[in-house]
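Participant: my_file-v5.cif (mmCIF, C-alpha atoms) pasted underneath:
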```cif
data_my_file
#
loop_
_atom_site.label_atom_id
_atom_site.label_comp_id
_atom_site.auth_asym_id
_atom_site.auth_seq_id
_atom_site.Cartn_x
_atom_site.Cartn_y
_atom_site.Cartn_z
CA MET A 85 0.00 0.00 0.00
CA ARG A 86 2.81 2.37 0.99
CA GLN A 87 4.67 1.67 -2.24
CA LEU A 88 1.52 2.28 -4.28
CA ILE A 89 1.09 5.69 -2.63
CA GLU A 90 4.75 6.50 -3.32
CA LEU A 91 4.38 5.44 -6.96
CA CYS A 92 1.26 7.61 -7.35
CA ALA A 93 3.12 10.56 -5.80
CA LEU A 94 6.01 10.04 -8.24
CA PHE A 95 3.72 9.95 -11.28
CA SER A 96 1.81 12.99 -9.98
CA MET A 97 5.10 14.90 -9.78
CA LEU A 98 5.94 13.92 -13.37
CA LEU A 99 2.48 15.00 -14.56
CA ILE A 100 2.70 18.34 -12.74
CA ALA A 101 6.18 18.88 -14.24
CA VAL A 102 4.82 18.37 -17.76
CA ILE A 103 1.84 20.71 -17.13
CA TYR A 104 4.01 23.51 -15.69
CA GLY A 105 6.68 22.99 -18.37
CA ARG A 106 4.11 23.39 -21.15
CA ASP A 107 2.64 26.41 -19.38
CA TYR A 108 6.08 28.06 -19.21
CA SER A 109 6.74 27.25 -22.89
CA ARG A 110 3.50 29.06 -23.73
CA THR A 111 3.68 32.08 -21.42
CA GLY A 112 7.44 32.47 -20.93
CA THR A 113 6.89 33.88 -17.43
CA MET A 114 9.80 32.94 -15.16
CA PRO A 115 8.24 31.69 -11.92
CA ILE A 116 11.48 31.58 -9.86
CA ARG A 117 12.48 34.10 -7.20
CA ARG A 118 15.91 35.72 -7.40
CA LEU A 119 18.73 33.55 -6.09
CA PRO A 120 21.64 35.88 -5.19
CA ALA A 121 24.14 33.00 -5.10
CA LEU A 122 23.45 32.16 -8.75
CA ASP A 123 23.36 35.81 -9.80
CA SER A 124 26.82 36.14 -8.31
CA VAL A 125 28.25 33.48 -10.68
CA ASP A 126 28.40 36.21 -13.35
CA GLU A 127 30.03 38.52 -10.80
CA ALA A 128 32.63 35.84 -10.02
CA VAL A 129 33.48 35.39 -13.70
CA GLY A 130 33.67 39.18 -14.18
CA ARG A 131 35.99 39.50 -11.20
CA THR A 132 38.32 36.74 -12.36
CA THR A 133 38.41 38.17 -15.88
CA GLU A 134 39.34 41.63 -14.59
CA MET A 135 42.03 40.20 -12.35
CA GLY A 136 43.36 37.89 -15.08
CA ARG A 137 43.18 34.97 -12.71
CA PRO A 138 41.36 31.62 -13.00
CA VAL A 139 38.04 30.50 -11.59
CA HIS A 140 37.96 27.17 -9.78
CA PHE A 141 35.04 24.73 -9.68
CA THR A 142 34.60 21.49 -7.74
CA THR A 143 31.77 19.07 -6.98
CA GLY A 144 33.21 17.57 -3.78
CA THR A 145 33.67 13.92 -2.89
CA GLY A 146 29.98 12.96 -3.09
CA GLY A 147 30.33 11.07 -6.39
CA MET A 148 27.45 10.49 -8.79
CA VAL A 149 24.56 11.66 -6.63
CA ALA A 150 21.66 13.99 -7.47
CA ASP A 151 23.51 17.00 -5.99
CA THR A 152 26.36 16.40 -8.45
CA PHE A 153 23.95 16.20 -11.39
CA ALA A 154 22.45 19.52 -10.24
CA ALA A 155 25.98 20.94 -10.01
CA PHE A 156 26.63 19.94 -13.63
CA ALA A 157 24.08 22.55 -14.74
CA VAL A 158 26.04 25.24 -12.89
CA LEU A 159 29.31 23.99 -14.39
CA GLU A 160 27.80 24.10 -17.89
CA TYR A 161 26.72 27.72 -17.37
CA LEU A 162 30.04 28.66 -15.79
CA ALA A 163 32.04 27.07 -18.60
CA LYS A 164 30.02 28.97 -21.20
CA LYS A 165 30.68 32.23 -19.35
CA THR A 166 34.42 31.57 -18.94
CA ALA A 167 34.65 30.64 -22.64
CA GLN A 168 32.81 33.84 -23.56
CA TYR A 169 35.10 36.07 -21.46
CA GLU A 170 38.22 33.99 -22.18
CA CYS A 171 38.86 33.42 -18.51
CA ALA A 172 40.63 30.25 -17.32
CA LEU A 173 38.43 27.63 -15.66
CA ILE A 174 39.98 24.91 -13.49
CA VAL A 175 37.82 21.97 -12.44
CA SER A 176 38.96 19.69 -9.60
CA ASN A 177 37.52 16.21 -9.22
CA ALA A 178 37.66 13.67 -6.44
CA ASP A 179 35.53 11.06 -8.14
CA PRO A 180 36.92 9.21 -11.16
CA VAL A 181 33.41 8.79 -12.62
CA VAL A 182 32.62 12.50 -12.29
CA HIS A 183 35.94 13.48 -13.88
CA PRO A 184 35.26 12.53 -17.54
CA ILE A 185 31.76 13.97 -17.27
CA THR A 186 33.02 17.38 -16.16
CA GLU A 187 35.54 17.28 -19.00
CA ASN A 188 32.73 16.53 -21.44
CA ILE A 189 30.58 19.36 -20.10
CA VAL A 190 33.36 21.96 -20.27
CA ARG A 191 34.48 20.84 -23.73
CA ALA A 192 30.88 21.02 -25.04
CA ALA A 193 30.42 24.47 -23.50
CA TYR A 194 33.59 25.82 -25.17
CA HIS A 195 32.45 24.33 -28.49
CA ALA A 196 29.00 25.87 -28.04
CA GLN A 197 30.60 29.29 -27.56
CA GLY A 198 32.69 28.81 -30.71
CA LYS A 199 35.96 28.67 -28.77
CA PRO A 200 37.12 25.04 -28.93
CA GLU A 201 40.76 26.16 -29.11
CA SER A 202 40.46 27.80 -25.66
CA PHE A 203 39.51 24.52 -24.00
CA LYS A 204 42.43 23.00 -22.09
CA PRO A 205 41.87 19.37 -21.01
CA SER A 206 44.72 19.76 -18.49
CA ASN A 207 42.56 22.26 -16.57
CA ILE A 208 40.08 19.49 -15.75
CA ARG A 209 41.94 17.65 -13.04
CA TYR A 210 41.43 14.46 -11.14
CA HIS A 211 43.21 14.53 -7.78
CA SER A 212 42.31 11.47 -5.76
CA ASP A 213 39.28 9.68 -4.35
CA SER A 214 40.90 10.04 -0.94
CA MET A 215 39.32 13.12 0.63
CA LEU A 216 42.42 14.64 2.18
CA ALA A 217 44.65 14.03 -0.84
CA TYR A 218 41.98 15.76 -2.93
CA VAL A 219 41.89 18.68 -0.48
CA SER A 220 45.69 19.02 -0.69
CA GLY A 221 45.48 19.08 -4.47
CA VAL A 222 42.81 21.80 -4.45
CA TRP A 223 44.77 23.87 -1.92
CA GLY A 224 47.80 23.59 -4.18
CA ILE A 225 45.79 24.94 -7.12
CA MET A 226 44.33 27.77 -5.04
CA GLU A 227 47.75 28.84 -3.77
CA ARG A 228 49.84 28.35 -6.91
CA GLU A 229 47.38 29.51 -9.53
CA LYS A 230 45.90 32.31 -7.37
CA VAL A 231 42.28 31.53 -8.15
CA ALA A 232 40.09 34.60 -7.81
CA ALA A 233 36.80 32.73 -7.50
CA ASN A 234 36.04 29.34 -6.02
CA ILE A 235 32.71 27.70 -6.82
CA MET A 236 31.79 24.57 -4.88
CA MET A 237 28.56 22.84 -5.91
CA GLY A 238 27.62 19.26 -5.17
CA TYR A 239 27.66 16.88 -2.24
CA PHE A 240 30.34 17.52 0.35
CA PHE A 241 31.60 15.73 3.40
CA ALA A 242 34.26 16.97 5.84
CA GLU A 243 36.20 18.58 2.99
CA SER A 244 33.66 21.42 2.78
CA LEU A 245 35.29 23.56 5.47
CA LEU A 246 38.84 22.64 4.45
CA LEU A 247 38.18 23.73 0.86
CA SER A 248 36.26 26.88 1.70
CA GLU A 249 38.80 28.04 4.29
CA GLY A 250 41.53 27.38 1.71
CA GLY A 251 39.62 29.77 -0.56
CA VAL A 252 39.35 32.36 2.21
CA ARG A 253 43.15 32.23 2.69
CA THR A 254 43.74 33.06 -0.96
CA GLY A 255 41.08 35.80 -0.91
CA ALA A 256 38.87 34.07 -3.48
CA PHE A 257 35.25 35.07 -3.95
CA GLN A 258 33.37 31.93 -2.95
CA ILE A 259 30.01 30.50 -3.95
CA ALA A 260 28.85 27.16 -2.57
CA GLY A 261 25.79 24.96 -2.89
CA THR A 262 24.87 21.66 -1.29
CA ALA A 263 21.95 19.72 0.10
CA SER A 264 24.21 18.02 2.64
CA THR A 265 22.73 19.39 5.88
CA PRO A 266 25.73 18.64 8.14
CA GLN A 267 28.03 20.67 5.85
CA LEU A 268 25.72 23.64 5.22
CA PRO A 269 26.69 25.59 8.37
CA PHE A 270 30.36 25.43 7.40
CA LEU A 271 29.72 26.61 3.86
CA VAL A 272 27.42 29.40 5.01
CA ALA A 273 30.08 30.53 7.49
CA ALA A 274 33.01 30.42 5.09
CA CYS A 275 31.58 31.39 1.69
CA ASP A 276 30.31 34.68 0.30
CA GLN A 277 27.16 33.13 -1.19
CA THR A 278 25.52 29.78 -0.52
CA LEU A 279 22.77 27.79 -2.22
CA ILE A 280 20.95 26.03 0.60
CA GLY A 281 19.46 22.58 0.01
CA GLU A 282 16.78 22.66 -2.68
CA GLU A 283 18.16 25.92 -4.14
CA LEU A 284 20.95 23.83 -5.67
CA PHE A 285 18.35 21.78 -7.54
CA ALA A 286 16.77 24.99 -8.82
CA ALA A 287 20.08 26.12 -10.33
CA GLY A 288 19.60 24.40 -13.70
CA ALA A 289 16.15 25.91 -14.21
CA TYR A 290 17.27 29.33 -13.01
CA LEU A 291 20.37 29.55 -15.20
CA THR A 292 19.08 27.97 -18.39
CA GLU A 293 15.34 28.85 -18.27
CA ASP A 294 14.79 25.46 -19.85
CA PRO A 295 11.03 24.56 -19.82
CA VAL A 296 11.67 20.96 -18.73
CA ARG A 297 13.77 22.07 -15.77
CA ILE A 298 11.31 24.81 -14.82
CA GLY A 299 8.41 22.34 -15.00
CA ALA A 300 10.32 19.92 -12.76
CA LEU A 301 11.09 22.72 -10.32
CA MET A 302 7.42 23.69 -10.11
CA ALA A 303 6.50 20.03 -9.52
CA GLN A 304 9.11 19.96 -6.77
CA ASP A 305 7.54 23.03 -5.15
CA THR A 306 4.03 21.57 -5.44
CA ALA A 307 5.26 18.36 -3.76
CA LYS A 308 6.83 20.48 -1.02
CA ILE A 309 3.55 22.31 -0.36
CA ALA A 310 1.73 18.95 -0.30
CA SER A 311 4.33 17.62 2.18
CA ILE A 312 3.82 20.64 4.45
CA GLY A 313 0.06 20.04 4.29
CA VAL A 314 0.46 16.36 5.21
CA ILE A 315 2.83 17.23 8.09
CA LEU A 316 0.38 19.84 9.45
CA LEU A 317 -2.54 17.41 9.14
CA GLY A 318 -0.51 14.70 10.87
CA ALA A 319 0.47 17.04 13.69
CA LEU A 320 -3.17 18.15 14.08
CA ALA A 321 -4.43 14.57 14.07
CA ALA A 322 -1.80 13.49 16.62
CA THR A 323 -2.72 16.46 18.86
CA VAL A 324 -6.46 15.69 18.66
CA VAL A 325 -5.89 11.97 19.36
CA SER A 326 -3.64 12.74 22.33
CA GLN A 327 -6.37 14.98 23.81
CA ILE A 328 -9.09 12.31 23.58
CA MET B 170 24.15 8.26 -31.98
CA LYS B 171 26.50 8.07 -28.95
CA LEU B 172 24.19 10.34 -26.97
CA THR B 173 21.09 8.34 -27.93
CA LEU B 174 22.78 5.10 -26.86
CA ALA B 175 23.87 6.64 -23.54
CA SER B 176 20.33 7.93 -22.92
CA LEU B 177 18.86 4.52 -23.77
CA ILE B 178 21.19 2.71 -21.36
CA THR B 179 20.38 5.29 -18.66
CA LEU B 180 16.65 4.85 -19.27
CA VAL B 181 16.71 1.04 -19.12
CA ALA B 182 19.07 0.85 -16.11
CA GLY B 183 17.31 3.69 -14.27
CA ILE B 184 13.79 2.35 -14.73
CA THR B 185 14.90 -1.17 -13.75
CA VAL B 186 16.52 0.03 -10.52
CA VAL B 187 13.48 2.22 -9.66
CA ALA B 188 11.11 -0.65 -10.50
CA ASP B 189 13.13 -2.90 -8.17
CA TYR B 190 11.85 -0.78 -5.25
CA PHE B 191 8.19 -0.97 -6.32
CA VAL B 192 7.88 -4.45 -7.84
CA ALA B 193 8.71 -7.79 -6.21
CA ALA B 194 9.45 -9.68 -9.45
CA PRO B 195 12.60 -11.88 -9.40
CA VAL B 196 13.54 -10.90 -12.98
CA ILE B 197 13.51 -7.18 -12.17
CA ASN B 198 15.21 -7.69 -8.79
CA HIS B 199 17.98 -9.70 -10.43
CA ALA B 200 18.41 -7.21 -13.27
CA ALA B 201 18.60 -4.29 -10.81
CA SER B 202 21.21 -6.13 -8.77
CA THR B 203 23.25 -6.78 -11.95
CA PHE B 204 23.09 -3.11 -12.97
CA THR B 205 24.27 -2.09 -9.49
CA GLN B 206 27.22 -4.51 -9.77
CA TRP B 207 28.08 -3.09 -13.19
CA SER B 208 28.17 0.42 -11.75
CA VAL B 209 30.79 -0.74 -9.22
CA MET B 210 32.87 -2.23 -12.05
CA LEU B 211 32.57 0.94 -14.13
CA SER B 212 33.62 2.98 -11.13
CA ALA B 213 36.74 0.81 -10.69
CA PHE B 214 37.59 1.24 -14.37
CA SER B 215 37.17 5.00 -14.04
CA THR B 216 39.75 5.03 -11.24
CA ALA B 217 42.33 3.83 -13.77
CA LEU B 218 41.24 6.62 -16.13
CA GLY B 219 41.66 9.11 -13.29
CA GLY B 220 45.19 7.81 -12.73
CA VAL B 221 45.95 8.26 -16.43
CA ASN B 222 44.72 11.87 -16.24
CA LEU B 223 46.94 12.51 -13.23
CA LEU B 224 49.93 11.06 -15.09
CA ALA B 225 49.18 13.08 -18.23
CA VAL B 226 48.78 16.40 -16.38
CA HIS B 227 52.01 16.02 -14.39
CA LYS B 228 53.99 14.59 -17.31
CA LYS B 229 53.07 17.70 -19.28
CA ARG B 230 54.14 19.96 -16.40
CA LEU B 231 57.44 18.12 -16.25
CA SER B 232 58.12 18.24 -19.98
CA GLN B 233 57.27 21.98 -20.09
CA ARG B 234 59.28 22.63 -16.89
CA SER B 235 56.27 24.57 -15.55
CA ALA B 236 56.48 26.42 -12.23
CA ASN B 237 56.87 24.04 -9.25
CA TRP B 238 57.61 21.12 -11.56
CA GLY B 239 59.54 19.54 -8.67
CA LEU B 240 56.18 18.85 -6.97
CA SER B 241 55.13 16.84 -10.03
CA VAL B 242 58.31 14.75 -9.68
CA ILE B 243 57.43 13.99 -6.04
CA LEU B 244 53.85 13.11 -6.98
CA LEU B 245 54.81 10.84 -9.87
CA ALA B 246 57.61 9.14 -7.90
CA SER B 247 55.27 8.51 -4.94
CA MET B 248 52.54 7.22 -7.24
CA VAL B 249 54.83 4.80 -9.07
CA ALA B 250 56.58 3.63 -5.87
CA TRP B 251 53.24 3.04 -4.13
CA LEU B 252 51.91 1.12 -7.14
CA VAL B 253 55.03 -1.04 -7.46
CA ILE B 254 55.14 -1.87 -3.72
CA GLY B 255 51.42 -2.67 -3.67
CA LEU B 256 51.57 -4.90 -6.74
CA SER B 257 54.84 -6.68 -5.98
CA LEU B 258 54.68 -7.13 -2.19
CA GLY B 259 50.91 -6.97 -1.67
CA THR B 260 48.78 -4.61 0.42
CA GLU B 261 49.31 -6.76 3.53
CA SER B 262 53.12 -6.51 3.40
CA SER B 263 55.02 -4.77 6.19
CA VAL B 264 56.57 -2.20 3.80
CA TYR B 265 53.17 -1.22 2.42
CA LYS B 266 51.69 -1.00 5.93
CA PHE B 267 54.69 1.01 7.18
CA ILE B 268 54.22 3.64 4.46
CA TRP B 269 50.45 3.68 5.00
CA ASP B 270 50.71 4.16 8.77
CA ASN B 271 53.69 6.50 8.87
CA VAL B 272 53.22 8.62 5.78
CA TYR B 273 49.66 8.54 4.47
CA SER B 274 47.79 8.28 7.79
CA SER B 275 50.01 10.87 9.50
CA LEU B 276 49.60 13.38 6.69
CA SER B 277 45.83 12.77 6.56
CA SER B 278 45.42 13.20 10.32
CA THR B 279 47.43 16.42 10.25
CA LEU B 280 45.31 17.86 7.49
CA PHE B 281 42.05 16.76 9.10
CA ALA B 282 43.08 18.30 12.43
CA LEU B 283 43.16 21.70 10.75
CA ASN B 284 39.36 21.57 10.76
CA ALA B 285 39.40 22.51 14.45
CA PHE B 286 41.17 25.81 13.72
CA PHE B 287 39.13 26.43 10.59
CA ILE B 288 35.89 26.06 12.55
CA ALA B 289 37.14 28.74 14.94
CA SER B 290 38.15 31.15 12.17
CA ALA B 291 34.93 30.59 10.18
CA ALA B 292 32.85 31.06 13.35
CA TYR B 293 34.72 34.28 14.17
CA ARG B 294 33.86 35.74 10.76
CA SER B 295 30.24 34.56 10.90
CA PHE B 296 29.56 35.82 14.41
CA ARG B 297 30.37 39.43 13.62
CA VAL B 298 27.04 41.23 14.03
CA LYS B 299 26.03 42.85 10.75
CA GLY B 300 22.26 42.62 11.11
CA ILE B 301 19.42 40.87 12.84
CA ASP B 302 20.28 37.48 11.23
CA THR B 303 23.85 37.48 12.47
CA LEU B 304 22.70 38.71 15.89
CA ILE B 305 20.35 35.72 16.20
CA LEU B 306 23.20 33.45 15.03
CA LEU B 307 25.57 34.91 17.61
CA VAL B 308 23.12 34.66 20.52
CA THR B 309 22.09 31.11 19.59
CA ALA B 310 25.67 29.93 19.12
CA CYS B 311 26.73 31.47 22.45
CA ALA B 312 23.80 29.80 24.21
CA VAL B 313 24.69 26.39 22.73
CA MET B 314 28.39 26.82 23.54
CA LEU B 315 27.63 27.90 27.12
CA GLY B 316 25.30 24.93 27.43
CA ARG B 317 28.24 22.65 26.81
CA THR B 318 30.40 24.18 29.56
CA GLY B 319 30.46 23.80 33.34
CA LEU B 320 29.74 27.52 33.82
CA GLY B 321 26.56 27.26 31.77
CA GLU B 322 25.17 24.54 34.01
CA ALA B 323 24.77 27.09 36.80
CA TYR B 324 22.31 29.08 34.64
CA ARG B 325 20.25 26.21 33.17
CA MET B 326 22.06 26.72 29.87
CA PRO B 327 22.21 22.97 29.00
CA GLU B 328 18.39 22.87 28.93
CA ILE B 329 18.24 25.92 26.65
CA ALA B 330 20.97 24.49 24.40
CA ASP B 331 19.19 21.13 24.17
CA TRP B 332 15.90 22.85 23.31
CA LEU B 333 17.60 24.94 20.61
CA ILE B 334 19.10 21.83 19.04
CA ARG B 335 16.02 19.64 19.46
CA VAL B 336 13.32 22.06 18.29
CA PRO B 337 14.30 24.98 16.00
CA ASN B 338 17.48 23.33 14.70
CA THR B 339 15.82 19.98 13.96
CA ALA B 340 12.82 21.72 12.36
CA GLY B 341 15.06 23.75 10.06
CA MET B 342 17.24 20.77 9.16
CA ARG B 343 14.21 18.59 8.37
CA GLY B 344 12.80 21.33 6.15
CA ILE B 345 16.07 21.49 4.21
CA THR B 346 16.24 17.68 4.04
CA ILE B 347 12.68 17.37 2.66
CA GLY B 348 13.33 20.11 0.07
CA GLY B 349 16.65 18.50 -0.89
CA ALA B 350 15.07 15.04 -1.20
CA LEU B 351 12.33 16.36 -3.51
CA GLY B 352 14.99 18.12 -5.57
CA ALA B 353 16.99 14.89 -5.79
CA ILE B 354 13.89 12.99 -7.00
CA SER B 355 13.24 15.67 -9.61
CA VAL B 356 16.83 15.65 -10.95
CA SER B 357 17.03 11.83 -10.92
CA ALA B 358 13.74 11.52 -12.83
CA ARG B 359 15.00 13.97 -15.48
CA VAL B 360 18.28 12.08 -15.84
CA ILE B 361 16.55 8.67 -16.13
CA LEU B 362 14.02 9.97 -18.67
CA GLY B 363 16.80 11.53 -20.76
CA LEU B 364 15.54 15.08 -20.25
CA GLU B 365 18.75 16.16 -18.48
CA ARG B 366 21.64 15.39 -20.82
CA GLY B 367 24.12 18.13 -20.09
CA TYR B 368 26.25 15.54 -18.28
CA ALA B 369 26.70 13.72 -21.59
CA GLY B 370 28.17 16.83 -23.16
CA GLU B 371 25.11 17.79 -25.15
CA ARG B 372 25.57 21.33 -26.39
CA ARG B 373 22.06 22.38 -25.42
CA SER B 374 21.16 20.39 -22.35
CA GLY B 375 17.61 19.67 -21.30
CA GLY B 376 14.59 18.94 -23.41
CA SER B 377 11.72 20.96 -24.71
CA TYR B 378 7.97 20.79 -24.74
CA GLN B 379 7.74 22.85 -27.93
#
```
What would the structure in this file look like if it were written as structure tokens?
Facilitator:
Amino acid sequence: MRQLIELCALFSMLLIAVIYGRDYSRTGTMPIRRLPALDSVDEAVGRTTEMGRPVHFTTGTGGMVADTFAAFAVLEYLAKKTAQYECALIVSNADPVVHPITENIVRAAYHAQGKPESFKPSNIRYHSDSMLAYVSGVWGIMEREKVAANIMMGYFFAESLLLSEGGVRTGAFQIAGTASTPQLPFLVAACDQTLIGEELFAAGAYLTEDPVRIGALMAQDTAKIASIGVILLGALAATVVSQI
Amino acid sequence: MKLTLASLITLVAGITVVADYFVAAPVINHAASTFTQWSVMLSAFSTALGGVNLLAVHKKRLSQRSANWGLSVILLASMVAWLVIGLSLGTESSVYKFIWDNVYSSLSSTLFALNAFFIASAAYRSFRVKGIDTLILLVTACAVMLGRTGLGEAYRMPEIADWLIRVPNTAGMRGITIGGALGAISVSARVILGLERGYAGERRSGGSYQ
């Protein structure tokens, strides 16, 4: 019974996503509030371009999880911007599966901007799947290459604070985003801008204005409102029962 | 063609693994288990690719005599030595264990210990009062910290700290977790259905309803 309810909820989300996606395709009205952390991606690229220094991007040690897929949308946007402004982009990876994917994304973005010659495969780096070796590698890049902006999007473990404090030491402008609740306080404390939880999953829709992504985001919001309703009803029912 | 094939494999594997949760059919359960095993194998193969990338990047730095090329020498020498010792003597050998315990573990522990100082410096920056939000953060953090000290016990601070962690903190965290979980479902569904293909290097990621 429980699984049937879950399956119905899943299909309802898909249906709502299609309805909202079609609606957006027709009206073109962007239904998403401003997200300062994503607006500041442009600012970060502008800053690095002016300073003639690179921008650094990493997805953390989380591997191929939903947060990382959401981060790919930010990387795609960032790579297009860095290609456009001819600013160096360095991507650090801790997961060997994520590594070729990030390379693919950046290469495609540079091709899309008509600058395939600016793409440097050696700037997409795999460090190690060992967290602390990966952190050392990223610190080395931050210190040696003087990165002016550090963007961390994905799923992080204990490396979140080590990486972000490394960025603070080099004076980099930092933007982070994760749905990993234990790491959020560290990122909020150490970074200039942070995408908190579900905001990371809104990044793709926000940056690309793609109808499919916007539809999915609206379905996500509808499911959230429904969840709040169910929680309130449950709390009310539990209170009433406890009083009887 | 490559992209279509990748999307097709993702669709079949994704739907099978999702169906495994909802349907109790031996064929689907077995197929899902096989796909999961394949993902482990692919991951292991990717580790080798990662090693090749590391070699290529540092070999290039060496051949171009880039700045700090000496660090690349150390990295490559350590990598090759570690590989040779592991393959020839085995991971249970005393030499391998000696290096693991006295080099790798020591360096890792040192690096990890820095977190203690970083927490302090990050907290110092965050607790500077710039508005009502940071004031609330400062007061709450001080209450929780006092609640964990002997001095705080004299002023019922442990009770206040426990309440702060149990009620507002848990409520906020659960809200973020629910939002994050719904976001994860949404992204995963798009990936499985082939509507999110930026990861495959598609020049214009995402689909369209037009």
Participant: The PyMOL selection byres ((chain B and resi 244) around 12) - which residues does that actually catch in the file I just gave you? List them as a PyMOL selection string.
Facilitator: (chain A and resi 211-212+217+220-221) or (chain B and resi 220+223-224+226-228+230-231+237-243+245-251)
Participant: I'd like to see the residues matched by the PyMOL selection byres ((chain A) within 7 of (chain B)) on this file, and ideally I'd get them as a PyMOL selection string.
Facilitator: chain A and resi 87+105-106+109+150-151+154+156-157+180-181+185+188-189+192-193+196+206+210-211+216+245-246+249+263+265+273-274+281-282+285+294-296+300+304+308
Participant: Check which residues satisfy the PyMOL selection byres ((chain A and resi 102) around 10) in the file shown, then give them as a list in words.
Facilitator: Ser96, Met97, Leu98, Leu99, Ile100, Ala101, Ile103, Tyr104, Gly105, Arg106, Asp107, Tyr108, Pro295, Val296, Arg297, Ile298, Gly299, Ala300, Met302 and Ala303 of chain A; Tyr378 of chain B
Participant: Between atom CA of Lys204 of chain A and atom CA of Thr254 of chain A, what is the spacing in Å?
Facilitator: 23.4 Å
Participant: Rounded to one decimal, what separation in Å do you get between atom CA of Asp331 of chain B and atom CA of Ala319 of chain A?
Facilitator: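 Computing it gives 21.8 Å between the two atoms.
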Participant: Taking into account all atoms listed in the file, which residue in the set B:Lys266, B:Arg325, B:Arg234, B:His199 is nearest to Val186 of chain B?
Facilitator: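 Among the listed residues, B:His199 lies closest to Val186 of chain B.
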Participant: Just how far from atom CA of Asp189 of chain B is atom CA of Val209 of chain B, in Å to one decimal?
Facilitator: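 Between atom CA of Val209 of chain B and atom CA of Asp189 of chain B the gap is 17.8 Å.
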Participant: Check the smallest atom-to-atom distance from each of A:Val314, A:Cys171, A:Leu284, A:Ile328 to Ala128 of chain A using all atoms listed in the file, then report the winner.
Facilitator: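 Closest to Ala128 of chain A, using all atoms listed in the file: A:Cys171.
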Participant: From (35.1, 33.2, -5.8), in the file's coordinates, out to 6 Å: which residues are reached, counting all atoms listed in the file? Answer as a list in words.
Facilitator: Ala128, Ala232, Ala233, Asn234, Ala256, Phe257 and Gln258 of chain A
Participant: Name the residues in contact with Trp223 of chain A at a cut-off of 8 Å, using all atoms listed in the file, excluding same-chain residues fewer than 3 positions from it; report them as a list of chain:residue names.
Facilitator: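 What passes the distance filter is A:Val219, A:Ser220, A:Met226, A:Glu227, A:Leu247, A:Gly250, A:Gly251.
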Participant: Hey, what's within 10 Å of Gly136 of chain A if we count only C-alpha atoms and toss same-chain stuff fewer than 5 positions away? As JSON, numbers by chain, please?
Facilitator: {"A": [130, 131, 170, 171, 172, 230, 231, 232]}
